[in-house]
Each structure stands twice: as C-alpha cells, then as structure tokens.
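For reference, protein.pdb (PDB, C-alpha atoms and all ligand atoms):
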ATOM      1  CA  MET A   1      22.958  43.615 -52.263  1.00  0.00           C
ATOM      2  CA  SER A   2      21.522  43.982 -55.731  1.00  0.00           C
ATOM      3  CA  ILE A   3      22.780  46.005 -58.658  1.00  0.00           C
ATOM      4  CA  LYS A   4      20.852  49.120 -59.556  1.00  0.00           C
ATOM      5  CA  ILE A   5      20.242  49.916 -63.199  1.00  0.00           C
ATOM      6  CA  PHE A   6      19.072  53.457 -63.855  1.00  0.00           C
ATOM      7  CA  ARG A   7      16.255  54.294 -66.259  1.00  0.00           C
ATOM      8  CA  CYS A   8      15.629  57.817 -67.516  1.00  0.00           C
ATOM      9  CA  THR A   9      12.104  58.741 -66.509  1.00  0.00           C
ATOM     10  CA  HIS A  10      11.798  60.953 -69.598  1.00  0.00           C
ATOM     11  CA  CYS A  11      12.881  58.698 -72.492  1.00  0.00           C
ATOM     12  CA  GLY A  12      13.351  55.264 -70.911  1.00  0.00           C
ATOM     13  CA  THR A  13      17.081  54.914 -71.685  1.00  0.00           C
ATOM     14  CA  THR A  14      18.690  52.439 -69.271  1.00  0.00           C
ATOM     15  CA  LEU A  15      22.231  52.920 -67.954  1.00  0.00           C
ATOM     16  CA  PHE A  16      24.803  51.326 -65.734  1.00  0.00           C
ATOM     17  CA  PRO A  17      26.524  52.893 -63.947  1.00  0.00           C
ATOM     18  CA  ALA A  18      24.466  56.015 -63.309  1.00  0.00           C
ATOM     19  CA  ARG A  19      25.302  59.343 -64.943  1.00  0.00           C
ATOM     20  CA  TYR A  20      24.069  62.764 -64.107  1.00  0.00           C
ATOM     21  CA  LEU A  21      22.692  63.543 -67.569  1.00  0.00           C
ATOM     22  CA  CYS A  22      20.816  61.127 -69.814  1.00  0.00           C
ATOM     23  CA  PRO A  23      22.967  60.671 -72.964  1.00  0.00           C
ATOM     24  CA  SER A  24      19.832  60.418 -75.108  1.00  0.00           C
ATOM     25  CA  CYS A  25      17.681  63.317 -73.968  1.00  0.00           C
ATOM     26  CA  GLY A  26      19.673  65.257 -71.350  1.00  0.00           C
ATOM     27  CA  GLY A  27      17.184  64.326 -68.631  1.00  0.00           C
ATOM     28  CA  THR A  28      18.287  64.327 -64.994  1.00  0.00           C
ATOM     29  CA  GLU A  29      15.600  62.186 -63.368  1.00  0.00           C
ATOM     30  CA  TRP A  30      16.133  58.468 -62.979  1.00  0.00           C
ATOM     31  CA  SER A  31      14.299  55.515 -61.551  1.00  0.00           C
ATOM     32  CA  ALA A  32      16.355  52.619 -60.175  1.00  0.00           C
ATOM     33  CA  LEU A  33      15.684  49.052 -61.231  1.00  0.00           C
ATOM     34  CA  ASP A  34      17.130  45.962 -59.572  1.00  0.00           C
ATOM     35  CA  ALA A  35      19.234  43.889 -61.951  1.00  0.00           C
ATOM     36  CA  GLU A  36      19.186  40.468 -60.364  1.00  0.00           C
ATOM     37  CA  ARG A  37      19.596  38.278 -63.408  1.00  0.00           C
ATOM     38  CA  GLY A  38      21.314  38.343 -66.766  1.00  0.00           C
ATOM     39  CA  VAL A  39      22.747  36.304 -69.610  1.00  0.00           C
ATOM     40  CA  VAL A  40      26.471  35.940 -70.314  1.00  0.00           C
ATOM     41  CA  THR A  41      27.468  37.525 -73.627  1.00  0.00           C
ATOM     42  CA  ALA A  42      31.235  36.980 -73.315  1.00  0.00           C
ATOM     43  CA  ALA A  43      33.430  35.207 -70.788  1.00  0.00           C
ATOM     44  CA  THR A  44      37.143  35.116 -70.101  1.00  0.00           C
ATOM     45  CA  ALA A  45      39.540  33.752 -67.502  1.00  0.00           C
ATOM     46  CA  VAL A  46      42.390  35.895 -66.227  1.00  0.00           C
ATOM     47  CA  ARG A  47      45.394  33.793 -65.252  1.00  0.00           C
ATOM     48  CA  ARG A  48      46.939  34.879 -62.007  1.00  0.00           C
ATOM     49  CA  ARG A  49      49.997  32.729 -62.512  1.00  0.00           C
ATOM     50  CA  VAL A  50      51.489  30.384 -65.054  1.00  0.00           C
ATOM     51  CA  GLY A  51      51.178  26.693 -64.380  1.00  0.00           C
ATOM     52  CA  THR A  52      48.769  23.833 -64.211  1.00  0.00           C
ATOM     53  CA  ASP A  53      47.008  25.032 -61.067  1.00  0.00           C
ATOM     54  CA  ASN A  54      44.032  27.036 -62.296  1.00  0.00           C
ATOM     55  CA  SER A  55      42.421  27.465 -58.913  1.00  0.00           C
ATOM     56  CA  ASP A  56      43.480  31.106 -58.688  1.00  0.00           C
ATOM     57  CA  ASP A  57      42.108  32.103 -62.084  1.00  0.00           C
ATOM     58  CA  ILE A  58      39.731  35.020 -62.054  1.00  0.00           C
ATOM     59  CA  HIS A  59      36.714  34.528 -64.263  1.00  0.00           C
ATOM     60  CA  LEU A  60      35.147  37.587 -65.805  1.00  0.00           C
ATOM     61  CA  ALA A  61      31.992  37.790 -67.881  1.00  0.00           C
ATOM     62  CA  SER A  62      30.066  40.435 -69.726  1.00  0.00           C
ATOM     63  CA  VAL A  63      26.474  39.992 -68.658  1.00  0.00           C
ATOM     64  CA  ALA A  64      23.473  41.497 -70.430  1.00  0.00           C
ATOM     65  CA  THR A  65      21.084  42.424 -67.637  1.00  0.00           C
ATOM     66  CA  GLU A  66      17.333  42.051 -67.954  1.00  0.00           C
ATOM     67  CA  ALA A  67      17.042  45.848 -67.944  1.00  0.00           C
ATOM     68  CA  GLY A  68      19.401  46.165 -70.935  1.00  0.00           C
ATOM     69  CA  PRO A  69      22.826  47.494 -69.916  1.00  0.00           C
ATOM     70  CA  ILE A  70      25.812  45.133 -70.018  1.00  0.00           C
ATOM     71  CA  VAL A  71      27.866  44.821 -66.840  1.00  0.00           C
ATOM     72  CA  VAL A  72      31.213  43.087 -66.250  1.00  0.00           C
ATOM     73  CA  ALA A  73      31.019  40.599 -63.397  1.00  0.00           C
ATOM     74  CA  ARG A  74      33.482  38.380 -61.546  1.00  0.00           C
ATOM     75  CA  LEU A  75      32.726  34.691 -61.112  1.00  0.00           C
ATOM     76  CA  ASP A  76      34.192  31.901 -59.029  1.00  0.00           C
ATOM     77  CA  SER A  77      33.679  29.332 -61.772  1.00  0.00           C
ATOM     78  CA  PRO A  78      33.831  29.374 -65.575  1.00  0.00           C
ATOM     79  CA  VAL A  79      30.744  30.222 -67.603  1.00  0.00           C
ATOM     80  CA  GLU A  80      30.005  30.337 -71.320  1.00  0.00           C
ATOM     81  CA  SER A  81      28.124  32.715 -73.551  1.00  0.00           C
ATOM     82  CA  GLY A  82      24.412  32.115 -73.194  1.00  0.00           C
ATOM     83  CA  ASP A  83      24.565  30.961 -69.575  1.00  0.00           C
ATOM     84  CA  ALA A  84      21.964  32.510 -67.275  1.00  0.00           C
ATOM     85  CA  VAL A  85      23.472  34.016 -64.137  1.00  0.00           C
ATOM     86  CA  SER A  86      22.311  35.786 -61.008  1.00  0.00           C
ATOM     87  CA  LEU A  87      23.964  39.102 -60.168  1.00  0.00           C
ATOM     88  CA  ALA A  88      24.862  40.735 -56.869  1.00  0.00           C
ATOM     89  CA  LEU A  89      27.307  43.177 -55.315  1.00  0.00           C
ATOM     90  CA  ASP A  90      29.867  41.807 -52.893  1.00  0.00           C
ATOM     91  CA  ALA A  91      31.144  43.525 -49.750  1.00  0.00           C
ATOM     92  CA  GLN A  92      33.681  45.471 -51.841  1.00  0.00           C
ATOM     93  CA  HIS A  93      30.885  46.655 -54.168  1.00  0.00           C
ATOM     94  CA  ARG A  94      32.184  44.529 -57.013  1.00  0.00           C
ATOM     95  CA  ILE A  95      29.697  42.883 -59.306  1.00  0.00           C
ATOM     96  CA  VAL A  96      29.677  39.137 -58.880  1.00  0.00           C
ATOM     97  CA  ALA A  97      27.745  36.579 -60.921  1.00  0.00           C
ATOM     98  CA  ARG A  98      26.742  33.041 -60.131  1.00  0.00           C
ATOM     99  CA  ARG A  99      25.508  30.479 -62.607  1.00  0.00           C
ATOM    100  CA  GLY A 100      21.887  29.423 -62.366  1.00  0.00           C
TER     101      GLY A 100
HETATM  102 ZN    ZN B 201      16.499  60.305 -71.393  1.00  0.00          ZN
END

For this file, write the structure as structure tokens.
Amino acid sequence: MSIKIFRCTHCGTTLFPARYLCPSCGGTEWSALDAERGVVTAATAVRRRVGTDNSDDIHLASVATEAGPIVVARLDSPVESGDAVSLALDAQHRIVARRG
C-alpha cells in the first residue's frame, strides 16, 4: 500500500496527512499523489530496553517525500541522513521505510 500525499488543486500546496481546508488558500479540493520514495532528513533509534542487545530497537526517520511533505517512518534497520528510502504503509497503516 502506498502513502498518499494530497495536493491542493487550487494553489498546489502539498500536505500529509490530509486536511479538510488548504492552509494556504482555504481550498477544499485535493488530488492524491503516491509517495513511494523519499530521502532521510533525520534518523533516530528508540531503545526498547537497556543493554547490549539492540535487536529490539525501533528506528525512526523523518523522510522528505518526492512530493514535498516530510513524514515520520519506522525502519527495521538504521539509516542516516541523505539515504534514499522507499515508503509504504504496513498492515497497521503505519508508515514504513526501507533503504534503497
Ligand atoms: Zn490551496
């Protein structure tokens, strides 16, 4: 499942997630764009527990999508700023990113 970015059909502002009113022009009509790829702008690991076993760490990254808006994605491996990632929604509708 791909992520939908919303673009105001009146002024071209892009948003994620969707809102009812465009914050720039007050428009209410949107076209949906697939956001399949992006570039990591910030990455962090959230430690689930203290210790030397890092296998349970949750990796989170801010990803600038091709369409413009930045989304926060979960990853199963560490990434660094500047890495290109692919984006998708998992079965729980969470945004997940994968390097490459
Ligand atoms: Zn607008």

* Asked: Using only C-alpha atoms, which residues sit within 9 Å of Arg47 in chain A once same-chain residues fewer than 6 positions away are excluded, as a list of chain:residue names?
  -> A:Asn54, A:Asp56, A:Asp57, A:Ile58, A:His59

* Selection result of the PyMOL selection byres (((not hetatm)) within 6 of (chain B and resi 201)) on this file, as number ranges by chain -> A: 8, 10-13, 22, 24-27

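For the set A:Ile70, A:Val39, A:Leu60, A:Leu21, the residue with the smallest atom-to-atom gap to Val96 in chain A is A:Leu60, counting all atoms listed in the file.
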
* Give me the result of the PyMOL selection byres (((chain A and resi 94) around 12) and not hetatm) on this file, residue by residue, as an MDAnalysis selection string. => chainID A and resid 1:3 60 71:75 87:93 95:97

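Proximity to Val79 in chain A at 8 Å, evaluated using only C-alpha atoms and with sequence-adjacent residues fewer than 5 positions away removed, yields Val40, Ala43, Ala61 and Arg99 of chain A.
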
Output for the residues just chosen: C-alpha atoms as a PDB file, keeping the file's coordinate frame:
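Output below, filename part_21.pdb:
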ATOM      1  CA  VAL A  40      26.471  35.940 -70.314  1.00  0.00           C
ATOM      2  CA  ALA A  43      33.430  35.207 -70.788  1.00  0.00           C
ATOM      3  CA  ALA A  61      31.992  37.790 -67.881  1.00  0.00           C
ATOM      4  CA  ARG A  99      25.508  30.479 -62.607  1.00  0.00           C
TER       5      ARG A  99
END

When you get a chance, write out all heavy atoms for range 2-13 of chain A, as a JSON list (two decimals), in the coordinates of the input.
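Output below, filename result-v7.json:
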[["chain", "number", "residue", "atom", "x", "y", "z"],
["A", 2, "SER", "N", 21.76, 44.13, -54.30],
["A", 2, "SER", "CA", 21.52, 43.98, -55.73],
["A", 2, "SER", "C", 22.07, 45.18, -56.49],
["A", 2, "SER", "O", 22.30, 46.25, -55.93],
["A", 2, "SER", "CB", 20.03, 43.80, -56.01],
["A", 2, "SER", "OG", 19.32, 44.92, -55.56],
["A", 3, "ILE", "N", 22.26, 44.96, -57.78],
["A", 3, "ILE", "CA", 22.78, 46.00, -58.66],
["A", 3, "ILE", "C", 21.63, 46.90, -59.10],
["A", 3, "ILE", "O", 20.55, 46.40, -59.42],
["A", 3, "ILE", "CB", 23.43, 45.35, -59.89],
["A", 3, "ILE", "CG1", 24.59, 44.47, -59.44],
["A", 3, "ILE", "CG2", 23.89, 46.39, -60.89],
["A", 3, "ILE", "CD1", 25.02, 43.52, -60.53],
["A", 4, "LYS", "N", 21.88, 48.19, -59.10],
["A", 4, "LYS", "CA", 20.85, 49.12, -59.56],
["A", 4, "LYS", "C", 21.16, 49.58, -60.98],
["A", 4, "LYS", "O", 22.23, 50.11, -61.25],
["A", 4, "LYS", "CB", 20.81, 50.36, -58.65],
["A", 4, "LYS", "CG", 20.42, 50.06, -57.21],
["A", 4, "LYS", "CD", 18.97, 49.67, -57.10],
["A", 4, "LYS", "CE", 18.59, 49.52, -55.62],
["A", 4, "LYS", "NZ", 17.31, 48.80, -55.47],
["A", 5, "ILE", "N", 20.19, 49.37, -61.85],
["A", 5, "ILE", "CA", 20.24, 49.92, -63.20],
["A", 5, "ILE", "C", 19.38, 51.18, -63.17],
["A", 5, "ILE", "O", 18.35, 51.22, -62.51],
["A", 5, "ILE", "CB", 19.65, 48.90, -64.21],
["A", 5, "ILE", "CG1", 20.45, 47.60, -64.21],
["A", 5, "ILE", "CG2", 19.58, 49.52, -65.62],
["A", 5, "ILE", "CD1", 21.84, 47.69, -64.77],
["A", 6, "PHE", "N", 19.80, 52.19, -63.89],
["A", 6, "PHE", "CA", 19.07, 53.46, -63.86],
["A", 6, "PHE", "C", 18.35, 53.69, -65.17],
["A", 6, "PHE", "O", 18.92, 53.53, -66.24],
["A", 6, "PHE", "CB", 20.03, 54.61, -63.53],
["A", 6, "PHE", "CG", 20.60, 54.45, -62.15],
["A", 6, "PHE", "CD1", 21.75, 53.72, -61.94],
["A", 6, "PHE", "CD2", 19.92, 54.96, -61.06],
["A", 6, "PHE", "CE1", 22.25, 53.51, -60.66],
["A", 6, "PHE", "CE2", 20.41, 54.77, -59.78],
["A", 6, "PHE", "CZ", 21.57, 54.05, -59.58],
["A", 7, "ARG", "N", 17.07, 54.05, -65.07],
["A", 7, "ARG", "CA", 16.26, 54.29, -66.26],
["A", 7, "ARG", "C", 15.80, 55.74, -66.26],
["A", 7, "ARG", "O", 15.20, 56.22, -65.28],
["A", 7, "ARG", "CB", 15.04, 53.36, -66.28],
["A", 7, "ARG", "CG", 14.22, 53.54, -67.57],
["A", 7, "ARG", "CD", 13.16, 52.49, -67.70],
["A", 7, "ARG", "NE", 12.25, 52.53, -66.56],
["A", 7, "ARG", "CZ", 11.40, 51.58, -66.26],
["A", 7, "ARG", "NH1", 11.33, 50.49, -66.99],
["A", 7, "ARG", "NH2", 10.61, 51.70, -65.21],
["A", 8, "CYS", "N", 16.06, 56.43, -67.36],
["A", 8, "CYS", "CA", 15.63, 57.82, -67.52],
["A", 8, "CYS", "C", 14.10, 57.87, -67.50],
["A", 8, "CYS", "O", 13.44, 57.15, -68.26],
["A", 8, "CYS", "CB", 16.16, 58.36, -68.84],
["A", 8, "CYS", "SG", 15.57, 60.01, -69.22],
["A", 9, "THR", "N", 13.56, 58.70, -66.61],
["A", 9, "THR", "CA", 12.10, 58.74, -66.51],
["A", 9, "THR", "C", 11.49, 59.48, -67.70],
["A", 9, "THR", "O", 10.29, 59.40, -67.93],
["A", 9, "THR", "CB", 11.66, 59.44, -65.20],
["A", 9, "THR", "OG1", 12.20, 60.76, -65.17],
["A", 9, "THR", "CG2", 12.14, 58.68, -63.98],
["A", 10, "HIS", "N", 12.31, 60.19, -68.47],
["A", 10, "HIS", "CA", 11.80, 60.95, -69.60],
["A", 10, "HIS", "C", 11.74, 60.11, -70.87],
["A", 10, "HIS", "O", 10.71, 60.05, -71.53],
["A", 10, "HIS", "CB", 12.65, 62.20, -69.82],
["A", 10, "HIS", "CG", 12.14, 63.10, -70.89],
["A", 10, "HIS", "ND1", 10.95, 63.80, -70.76],
["A", 10, "HIS", "CD2", 12.64, 63.41, -72.11],
["A", 10, "HIS", "CE1", 10.75, 64.49, -71.86],
["A", 10, "HIS", "NE2", 11.74, 64.28, -72.69],
["A", 11, "CYS", "N", 12.85, 59.43, -71.21],
["A", 11, "CYS", "CA", 12.88, 58.70, -72.49],
["A", 11, "CYS", "C", 13.04, 57.19, -72.34],
["A", 11, "CYS", "O", 12.96, 56.47, -73.33],
["A", 11, "CYS", "CB", 13.99, 59.26, -73.40],
["A", 11, "CYS", "SG", 15.66, 58.80, -72.87],
["A", 12, "GLY", "N", 13.29, 56.70, -71.11],
["A", 12, "GLY", "CA", 13.35, 55.26, -70.91],
["A", 12, "GLY", "C", 14.71, 54.65, -71.15],
["A", 12, "GLY", "O", 14.87, 53.43, -71.02],
["A", 13, "THR", "N", 15.73, 55.44, -71.52],
["A", 13, "THR", "CA", 17.08, 54.91, -71.68],
["A", 13, "THR", "C", 17.55, 54.28, -70.38],
["A", 13, "THR", "O", 17.37, 54.86, -69.31],
["A", 13, "THR", "CB", 18.04, 56.06, -72.10],
["A", 13, "THR", "OG1", 17.67, 56.50, -73.39],
["A", 13, "THR", "CG2", 19.50, 55.60, -72.11]]
